[in-house]
file start_24.cif (mmCIF, C-alpha atoms)
data_structure
loop_
_atom_site.label_atom_id
_atom_site.label_comp_id
_atom_site.auth_asym_id
_atom_site.auth_seq_id
_atom_site.Cartn_x
_atom_site.Cartn_y
_atom_site.Cartn_z
CA MET A 1 36.83 -97.31 25.14
CA THR A 2 38.67 -97.39 28.45
CA ASN A 3 37.49 -96.52 31.97
CA VAL A 4 39.66 -94.04 33.84
CA PHE A 5 39.34 -92.66 37.36
CA VAL A 6 40.62 -89.11 37.97
CA TYR A 7 41.14 -87.70 41.47
CA GLY A 8 43.14 -84.50 40.90
CA THR A 9 43.43 -81.62 38.45
CA LEU A 10 41.44 -83.47 35.75
CA LYS A 11 38.18 -83.49 37.76
CA LYS A 12 35.28 -81.10 37.11
CA GLY A 13 36.02 -77.58 38.33
CA GLN A 14 39.77 -78.21 38.33
CA PRO A 15 42.36 -76.52 36.09
CA ASN A 16 43.01 -79.42 33.69
CA HIS A 17 39.44 -80.73 33.39
CA HIS A 18 39.04 -79.34 29.86
CA TYR A 19 41.31 -82.11 28.53
CA MET A 20 38.72 -84.68 29.58
CA ILE A 21 35.82 -83.16 27.67
CA ASP A 22 36.81 -80.66 24.97
CA GLY A 23 37.62 -83.30 22.33
CA THR A 24 40.92 -81.76 21.20
CA GLN A 25 43.00 -84.61 22.67
CA GLY A 26 40.44 -87.38 22.12
CA LYS A 27 36.97 -88.25 23.33
CA GLY A 28 35.97 -88.59 26.95
CA LYS A 29 32.57 -88.97 28.57
CA TYR A 30 31.78 -88.42 32.25
CA CYS A 31 30.10 -91.48 33.75
CA GLY A 32 29.86 -90.69 37.45
CA SER A 33 31.69 -90.38 40.72
CA GLY A 34 33.29 -92.98 42.92
CA VAL A 35 35.91 -93.85 45.50
CA THR A 36 38.80 -96.26 45.43
CA ALA A 37 37.80 -99.63 46.87
CA GLU A 38 41.15 -99.75 48.67
CA LYS A 39 42.77 -97.04 50.74
CA TYR A 40 45.66 -95.09 49.22
CA PRO A 41 47.76 -92.15 50.43
CA LEU A 42 46.77 -89.07 48.40
CA VAL A 43 49.31 -86.32 49.08
CA VAL A 44 50.07 -82.86 47.72
CA ALA A 45 53.81 -82.67 47.08
CA GLY A 46 56.68 -81.02 45.26
CA LYS A 47 57.32 -77.37 44.58
CA TYR A 48 54.24 -77.16 42.32
CA ASN A 49 51.83 -78.70 44.85
CA ILE A 50 50.85 -81.59 42.60
CA PRO A 51 48.42 -84.28 43.83
CA PHE A 52 50.03 -87.71 43.95
CA LEU A 53 48.25 -90.95 44.71
CA LEU A 54 51.03 -93.10 46.16
CA ASP A 55 51.01 -96.74 45.10
CA GLU A 56 50.77 -97.98 48.67
CA PRO A 57 47.41 -99.80 48.75
CA GLY A 58 45.98 -100.39 52.21
CA SER A 59 47.30 -97.19 53.78
CA GLY A 60 45.79 -93.72 53.59
CA GLN A 61 42.12 -93.23 52.79
CA GLU A 62 39.56 -94.16 50.17
CA VAL A 63 40.06 -91.50 47.51
CA SER A 64 37.15 -89.69 45.82
CA GLY A 65 37.13 -88.92 42.13
CA GLU A 66 35.34 -89.14 38.81
CA ILE A 67 34.91 -91.94 36.32
CA TYR A 68 35.23 -91.32 32.58
CA THR A 69 35.17 -93.58 29.58
CA ILE A 70 37.76 -92.43 27.06
CA ASP A 71 39.04 -93.38 23.62
CA ALA A 72 42.56 -94.57 22.75
CA GLN A 73 43.63 -91.09 21.63
CA LEU A 74 42.74 -89.49 24.98
CA LEU A 75 44.35 -92.39 26.86
CA GLN A 76 47.59 -91.81 24.94
CA PHE A 77 47.38 -88.08 25.69
CA LEU A 78 46.82 -88.76 29.41
CA ASP A 79 49.83 -91.10 29.48
CA GLU A 80 51.97 -88.27 28.09
CA PHE A 81 50.32 -85.61 30.28
CA GLU A 82 50.95 -87.71 33.41
CA SER A 83 54.54 -88.53 32.33
CA CYS A 84 53.67 -92.22 32.38
CA PRO A 85 55.55 -94.41 33.19
CA GLU A 86 58.37 -92.23 34.60
CA LEU A 87 56.46 -90.04 37.07
CA TYR A 88 53.08 -91.78 37.26
CA GLN A 89 52.17 -95.33 36.41
CA ARG A 90 48.79 -96.34 35.00
CA LYS A 91 47.23 -99.04 37.17
CA GLN A 92 43.87 -100.79 37.02
CA VAL A 93 41.95 -100.73 40.31
CA LYS A 94 38.43 -101.32 41.59
CA ILE A 95 36.32 -98.21 42.04
CA ARG A 96 33.11 -98.20 44.08
CA THR A 97 30.60 -96.02 42.27
CA VAL A 98 28.84 -93.37 44.33
CA GLU A 99 26.82 -91.69 41.59
CA TRP A 100 26.23 -93.12 38.12
CA GLU A 101 25.14 -90.89 35.24
CA ALA A 102 26.14 -92.94 32.20
CA SER A 103 22.82 -93.95 30.74
CA ASP A 104 24.17 -94.62 27.24
CA LYS A 105 23.98 -98.41 26.92
CA MET A 106 26.06 -98.12 23.74
CA LEU A 107 29.13 -97.35 25.88
CA GLY A 108 28.95 -100.79 27.45
CA VAL A 109 30.12 -99.32 30.75
CA GLN A 110 28.18 -100.36 33.82
CA PRO A 111 29.21 -101.06 37.41
CA ASP A 112 28.67 -104.63 38.59
CA ALA A 113 25.85 -105.61 40.96
CA ASP A 114 27.94 -104.40 43.94
CA GLY A 115 28.52 -101.00 42.31
CA MET A 116 32.15 -101.80 41.47
CA LEU A 117 33.93 -100.94 38.24
CA LEU A 118 37.49 -101.58 37.06
CA CYS A 119 39.21 -98.34 36.04
CA PHE A 120 42.69 -97.16 35.26
CA LEU A 121 44.14 -94.46 37.50
CA TYR A 122 47.49 -92.73 37.60
CA CYS A 123 49.49 -93.37 40.74
CA THR A 124 53.18 -93.32 41.51
CA ASN A 125 55.63 -95.85 42.90
CA THR A 126 58.61 -93.59 42.13
CA PHE A 127 58.12 -91.13 44.98
CA ASP A 128 60.28 -89.75 47.78
CA ARG A 129 59.58 -91.98 50.82
CA GLU A 130 59.34 -88.79 52.93
CA TRP A 131 56.01 -88.14 51.16
CA LEU A 132 54.51 -90.89 53.31
CA LYS A 133 54.82 -88.43 56.23
CA LEU A 134 52.71 -85.76 54.46
CA PRO A 135 49.00 -85.33 55.25
CA TYR A 136 46.73 -87.79 53.43
CA TYR A 137 43.54 -86.58 51.77
CA SER A 138 40.41 -88.33 50.60
CA ASN A 139 39.53 -85.54 48.17
CA TYR A 140 41.58 -83.00 46.23
CA ASP A 141 41.03 -79.41 45.17
CA ALA A 142 43.68 -77.44 43.25
CA PHE A 143 42.47 -74.14 44.70
CA GLY A 144 43.32 -74.90 48.31
CA LYS A 145 40.05 -76.29 49.63
CA PHE A 146 40.46 -78.90 52.36
CA GLY A 147 43.47 -76.93 53.67
CA GLN A 148 45.63 -78.11 50.80
CA PRO A 149 48.39 -76.03 49.20
CA LYS A 150 47.28 -74.40 45.94
CA TYR A 151 48.35 -76.07 42.70
CA VAL A 152 50.80 -74.21 40.46
CA LEU A 153 49.48 -74.24 36.90
CA ARG A 154 51.77 -75.67 34.22
CA GLU A 155 51.89 -72.35 32.37
CA CYS A 156 53.13 -70.62 35.57
CA ARG A 157 56.06 -72.99 36.24
#
call {"tool": "encode", "arguments": {"input": "start_24.cif", "output": "structure tokens"}}
result
Amino acid sequence: MTNVFVYGTLKKGQPNHHYMIDGTQGKGKYCGSGVTAEKYPLVVAGKYNIPFLLDEPGSGQEVSGEIYTIDAQLLQFLDEFESCPELYQRKQVKIRTVEWEASDKMLGVQPDADGMLLCFLYCTNTFDREWLKLPYYSNYDAFGKFGQPKYVLRECR
């Protein structure tokens, strides 16, 4: 099992969340919520208003998201879904847990004594440098909350 941190359309209540939990692409279990230990620029960019976490640690804001433990099949699906490594790159980072719901000791997933957990997330280092001038967000919502442009669903592109 692998820990993954999602901050965009894969979170609860977002349009692609079903991939994380429905079991058709592999197994995933919600563990809790957290924020990146480092600051990153989270922008909404491109003609489809896609959330991108730019691989520029130290700038931007701590980014909120959800922590899942997933199997190898779901990890492979997410790599394909995120066009990894061309569009996004999978990177391991420290996540500070905010809420922890994973009580299943069998998973072997627990934050350390400081509430930190290593997780993979999908970020990009292959972005248009002009994106650094876009507004940075600490949280994302595909439906336009937080004053963000609404996400264009894949089936509508």
call {"tool": "resolve_selection", "arguments": {"input": "start_24.cif", "expression": "the PyMOL selection byres ((chain A and resi 6-12) around 6)", "output": "JSON, numbers by chain"}}
result
{"A": [5, 13, 14, 15, 16, 17, 65, 66, 140]}
call {"tool": "axis_aligned_box", "arguments": {"input": "start_24.cif", "around": "segment 1-9 of chain A", "padding_each_side": "5 Å", "output": "JSON"}}
result
{"center_x": 40.1, "center_y": -89.5, "center_z": 33.3, "size_x": 16.6, "size_y": 25.8, "size_z": 26.3}
call {"tool": "closest_residue", "arguments": {"input": "start_24.cif", "among": "A:Val93, A:Met20, A:Leu78, A:Pro135", "to": "Gly147 of chain A", "atoms": "all atoms listed in the file"}}
result
A:Pro135
call {"tool": "atom_distance", "arguments": {"input": "start_24.cif", "atom1": "atom CA of Glu86 of chain A", "atom2": "atom CA of Asn125 of chain A"}}
result
9.5 Å
call {"tool": "residues_around", "arguments": {"input": "start_24.cif", "residues": "Asn139 of chain A", "least_positions_apart": "6", "cutoff": "10 Å", "atoms": "all atoms listed in the file", "output": "ChimeraX atom specification"}}
result
/A:7-8,35,42-43,51,61-65,145-146,148
call {"tool": "closest_residue", "arguments": {"input": "start_24.cif", "among": "A:Arg96, A:Arg157, A:Lys133, A:Lys150", "to": "Gly32 of chain A", "atoms": "only C-alpha atoms"}}
result
A:Arg96
call {"tool": "closest_residue", "arguments": {"input": "start_24.cif", "among": "A:Tyr30, A:Phe127, A:Tyr48, A:Leu74", "to": "Cys156 of chain A", "atoms": "all atoms listed in the file"}}
result
A:Tyr48
call {"tool": "closest_residue", "arguments": {"input": "start_24.cif", "among": "A:Lys29, A:Lys94, A:Arg129, A:Arg154", "to": "Pro57 of chain A", "atoms": "all atoms listed in the file"}}
result
A:Lys94
call {"tool": "closest_residue", "arguments": {"input": "start_24.cif", "among": "A:Tyr122, A:Tyr151, A:Tyr136, A:Trp100", "to": "Gly34 of chain A", "atoms": "all atoms listed in the file"}}
result
A:Trp100
call {"tool": "closest_residue", "arguments": {"input": "start_24.cif", "among": "A:Asp22, A:Asp55, A:Glu101, A:Asp128", "to": "Ile70 of chain A", "atoms": "only C-alpha atoms"}}
result
A:Asp22
call {"tool": "build_atoms", "arguments": {"input": "start_24.cif", "residues": "segment 46-81 of chain A", "atoms": "N, CA and C atoms", "output": "PDB file, in the coordinates of the input"}}
result
ATOM      1  N   GLY A  46      55.812 -81.681  46.222  1.00  0.00           N
ATOM      2  CA  GLY A  46      56.680 -81.020  45.260  1.00  0.00           C
ATOM      3  C   GLY A  46      56.487 -79.522  45.256  1.00  0.00           C
ATOM      4  N   LYS A  47      57.372 -78.828  44.566  1.00  0.00           N
ATOM      5  CA  LYS A  47      57.320 -77.370  44.580  1.00  0.00           C
ATOM      6  C   LYS A  47      56.127 -76.793  43.834  1.00  0.00           C
ATOM      7  N   TYR A  48      55.410 -77.631  43.055  1.00  0.00           N
ATOM      8  CA  TYR A  48      54.240 -77.160  42.320  1.00  0.00           C
ATOM      9  C   TYR A  48      52.925 -77.616  42.957  1.00  0.00           C
ATOM     10  N   ASN A  49      53.012 -78.243  44.116  1.00  0.00           N
ATOM     11  CA  ASN A  49      51.830 -78.700  44.850  1.00  0.00           C
ATOM     12  C   ASN A  49      50.938 -79.609  44.001  1.00  0.00           C
ATOM     13  N   ILE A  50      51.529 -80.639  43.486  1.00  0.00           N
ATOM     14  CA  ILE A  50      50.850 -81.590  42.600  1.00  0.00           C
ATOM     15  C   ILE A  50      50.245 -82.710  43.449  1.00  0.00           C
ATOM     16  N   PRO A  51      49.009 -83.129  43.108  1.00  0.00           N
ATOM     17  CA  PRO A  51      48.420 -84.280  43.830  1.00  0.00           C
ATOM     18  C   PRO A  51      49.052 -85.583  43.335  1.00  0.00           C
ATOM     19  N   PHE A  52      49.465 -86.399  44.266  1.00  0.00           N
ATOM     20  CA  PHE A  52      50.030 -87.710  43.950  1.00  0.00           C
ATOM     21  C   PHE A  52      49.279 -88.764  44.745  1.00  0.00           C
ATOM     22  N   LEU A  53      48.807 -89.772  44.060  1.00  0.00           N
ATOM     23  CA  LEU A  53      48.250 -90.950  44.710  1.00  0.00           C
ATOM     24  C   LEU A  53      49.404 -91.947  44.770  1.00  0.00           C
ATOM     25  N   LEU A  54      49.870 -92.228  45.980  1.00  0.00           N
ATOM     26  CA  LEU A  54      51.030 -93.100  46.160  1.00  0.00           C
ATOM     27  C   LEU A  54      50.595 -94.556  46.053  1.00  0.00           C
ATOM     28  N   ASP A  55      51.350 -95.332  45.319  1.00  0.00           N
ATOM     29  CA  ASP A  55      51.010 -96.740  45.100  1.00  0.00           C
ATOM     30  C   ASP A  55      51.379 -97.550  46.335  1.00  0.00           C
ATOM     31  N   GLU A  56      50.614 -97.302  47.385  1.00  0.00           N
ATOM     32  CA  GLU A  56      50.770 -97.980  48.670  1.00  0.00           C
ATOM     33  C   GLU A  56      49.368 -98.424  49.120  1.00  0.00           C
ATOM     34  N   PRO A  57      48.768 -99.389  48.395  1.00  0.00           N
ATOM     35  CA  PRO A  57      47.410 -99.800  48.750  1.00  0.00           C
ATOM     36  C   PRO A  57      47.327-100.311  50.180  1.00  0.00           C
ATOM     37  N   GLY A  58      46.218 -99.953  50.838  1.00  0.00           N
ATOM     38  CA  GLY A  58      45.980-100.390  52.210  1.00  0.00           C
ATOM     39  C   GLY A  58      46.298 -99.328  53.238  1.00  0.00           C
ATOM     40  N   SER A  59      47.055 -98.290  52.849  1.00  0.00           N
ATOM     41  CA  SER A  59      47.300 -97.190  53.780  1.00  0.00           C
ATOM     42  C   SER A  59      46.659 -95.928  53.212  1.00  0.00           C
ATOM     43  N   GLY A  60      46.441 -94.943  54.057  1.00  0.00           N
ATOM     44  CA  GLY A  60      45.790 -93.720  53.590  1.00  0.00           C
ATOM     45  C   GLY A  60      44.291 -93.782  53.757  1.00  0.00           C
ATOM     46  N   GLN A  61      43.582 -93.300  52.748  1.00  0.00           N
ATOM     47  CA  GLN A  61      42.120 -93.230  52.790  1.00  0.00           C
ATOM     48  C   GLN A  61      41.542 -93.666  51.451  1.00  0.00           C
ATOM     49  N   GLU A  62      40.241 -93.979  51.454  1.00  0.00           N
ATOM     50  CA  GLU A  62      39.560 -94.160  50.170  1.00  0.00           C
ATOM     51  C   GLU A  62      39.554 -92.802  49.502  1.00  0.00           C
ATOM     52  N   VAL A  63      39.904 -92.755  48.233  1.00  0.00           N
ATOM     53  CA  VAL A  63      40.060 -91.500  47.510  1.00  0.00           C
ATOM     54  C   VAL A  63      38.879 -91.274  46.585  1.00  0.00           C
ATOM     55  N   SER A  64      38.290 -90.069  46.662  1.00  0.00           N
ATOM     56  CA  SER A  64      37.150 -89.690  45.820  1.00  0.00           C
ATOM     57  C   SER A  64      37.623 -89.177  44.474  1.00  0.00           C
ATOM     58  N   GLY A  65      36.806 -89.424  43.460  1.00  0.00           N
ATOM     59  CA  GLY A  65      37.130 -88.920  42.130  1.00  0.00           C
ATOM     60  C   GLY A  65      35.990 -89.135  41.163  1.00  0.00           C
ATOM     61  N   GLU A  66      36.328 -89.039  39.884  1.00  0.00           N
ATOM     62  CA  GLU A  66      35.340 -89.140  38.810  1.00  0.00           C
ATOM     63  C   GLU A  66      35.738 -90.232  37.833  1.00  0.00           C
ATOM     64  N   ILE A  67      34.721 -90.847  37.266  1.00  0.00           N
ATOM     65  CA  ILE A  67      34.910 -91.940  36.320  1.00  0.00           C
ATOM     66  C   ILE A  67      34.547 -91.433  34.925  1.00  0.00           C
ATOM     67  N   TYR A  68      35.446 -91.685  33.981  1.00  0.00           N
ATOM     68  CA  TYR A  68      35.230 -91.320  32.580  1.00  0.00           C
ATOM     69  C   TYR A  68      35.474 -92.552  31.729  1.00  0.00           C
ATOM     70  N   THR A  69      34.814 -92.602  30.595  1.00  0.00           N
ATOM     71  CA  THR A  69      35.170 -93.580  29.580  1.00  0.00           C
ATOM     72  C   THR A  69      35.824 -92.763  28.456  1.00  0.00           C
ATOM     73  N   ILE A  70      36.982 -93.213  28.012  1.00  0.00           N
ATOM     74  CA  ILE A  70      37.760 -92.430  27.060  1.00  0.00           C
ATOM     75  C   ILE A  70      38.224 -93.299  25.897  1.00  0.00           C
ATOM     76  N   ASP A  71      38.542 -92.645  24.781  1.00  0.00           N
ATOM     77  CA  ASP A  71      39.040 -93.380  23.620  1.00  0.00           C
ATOM     78  C   ASP A  71      40.558 -93.526  23.698  1.00  0.00           C
ATOM     79  N   ALA A  72      41.122 -94.277  22.757  1.00  0.00           N
ATOM     80  CA  ALA A  72      42.560 -94.570  22.750  1.00  0.00           C
ATOM     81  C   ALA A  72      43.394 -93.294  22.601  1.00  0.00           C
ATOM     82  N   GLN A  73      42.893 -92.337  21.825  1.00  0.00           N
ATOM     83  CA  GLN A  73      43.630 -91.090  21.630  1.00  0.00           C
ATOM     84  C   GLN A  73      43.764 -90.318  22.945  1.00  0.00           C
ATOM     85  N   LEU A  74      42.685 -90.203  23.704  1.00  0.00           N
ATOM     86  CA  LEU A  74      42.740 -89.490  24.980  1.00  0.00           C
ATOM     87  C   LEU A  74      43.582 -90.266  25.992  1.00  0.00           C
ATOM     88  N   LEU A  75      43.521 -91.588  25.959  1.00  0.00           N
ATOM     89  CA  LEU A  75      44.350 -92.390  26.860  1.00  0.00           C
ATOM     90  C   LEU A  75      45.828 -92.141  26.567  1.00  0.00           C
ATOM     91  N   GLN A  76      46.197 -92.086  25.306  1.00  0.00           N
ATOM     92  CA  GLN A  76      47.590 -91.810  24.940  1.00  0.00           C
ATOM     93  C   GLN A  76      47.997 -90.408  25.400  1.00  0.00           C
ATOM     94  N   PHE A  77      47.100 -89.434  25.219  1.00  0.00           N
ATOM     95  CA  PHE A  77      47.380 -88.080  25.690  1.00  0.00           C
ATOM     96  C   PHE A  77      47.591 -88.069  27.204  1.00  0.00           C
ATOM     97  N   LEU A  78      46.706 -88.740  27.945  1.00  0.00           N
ATOM     98  CA  LEU A  78      46.820 -88.760  29.410  1.00  0.00           C
ATOM     99  C   LEU A  78      48.128 -89.424  29.849  1.00  0.00           C
ATOM    100  N   ASP A  79      48.547 -90.479  29.155  1.00  0.00           N
ATOM    101  CA  ASP A  79      49.830 -91.100  29.480  1.00  0.00           C
ATOM    102  C   ASP A  79      50.968 -90.083  29.347  1.00  0.00           C
ATOM    103  N   GLU A  80      50.939 -89.288  28.286  1.00  0.00           N
ATOM    104  CA  GLU A  80      51.970 -88.270  28.090  1.00  0.00           C
ATOM    105  C   GLU A  80      51.818 -87.144  29.115  1.00  0.00           C
ATOM    106  N   PHE A  81      50.599 -86.689  29.340  1.00  0.00           N
ATOM    107  CA  PHE A  81      50.320 -85.610  30.280  1.00  0.00           C
ATOM    108  C   PHE A  81      50.781 -85.981  31.689  1.00  0.00           C
TER     109      PHE A  81
END
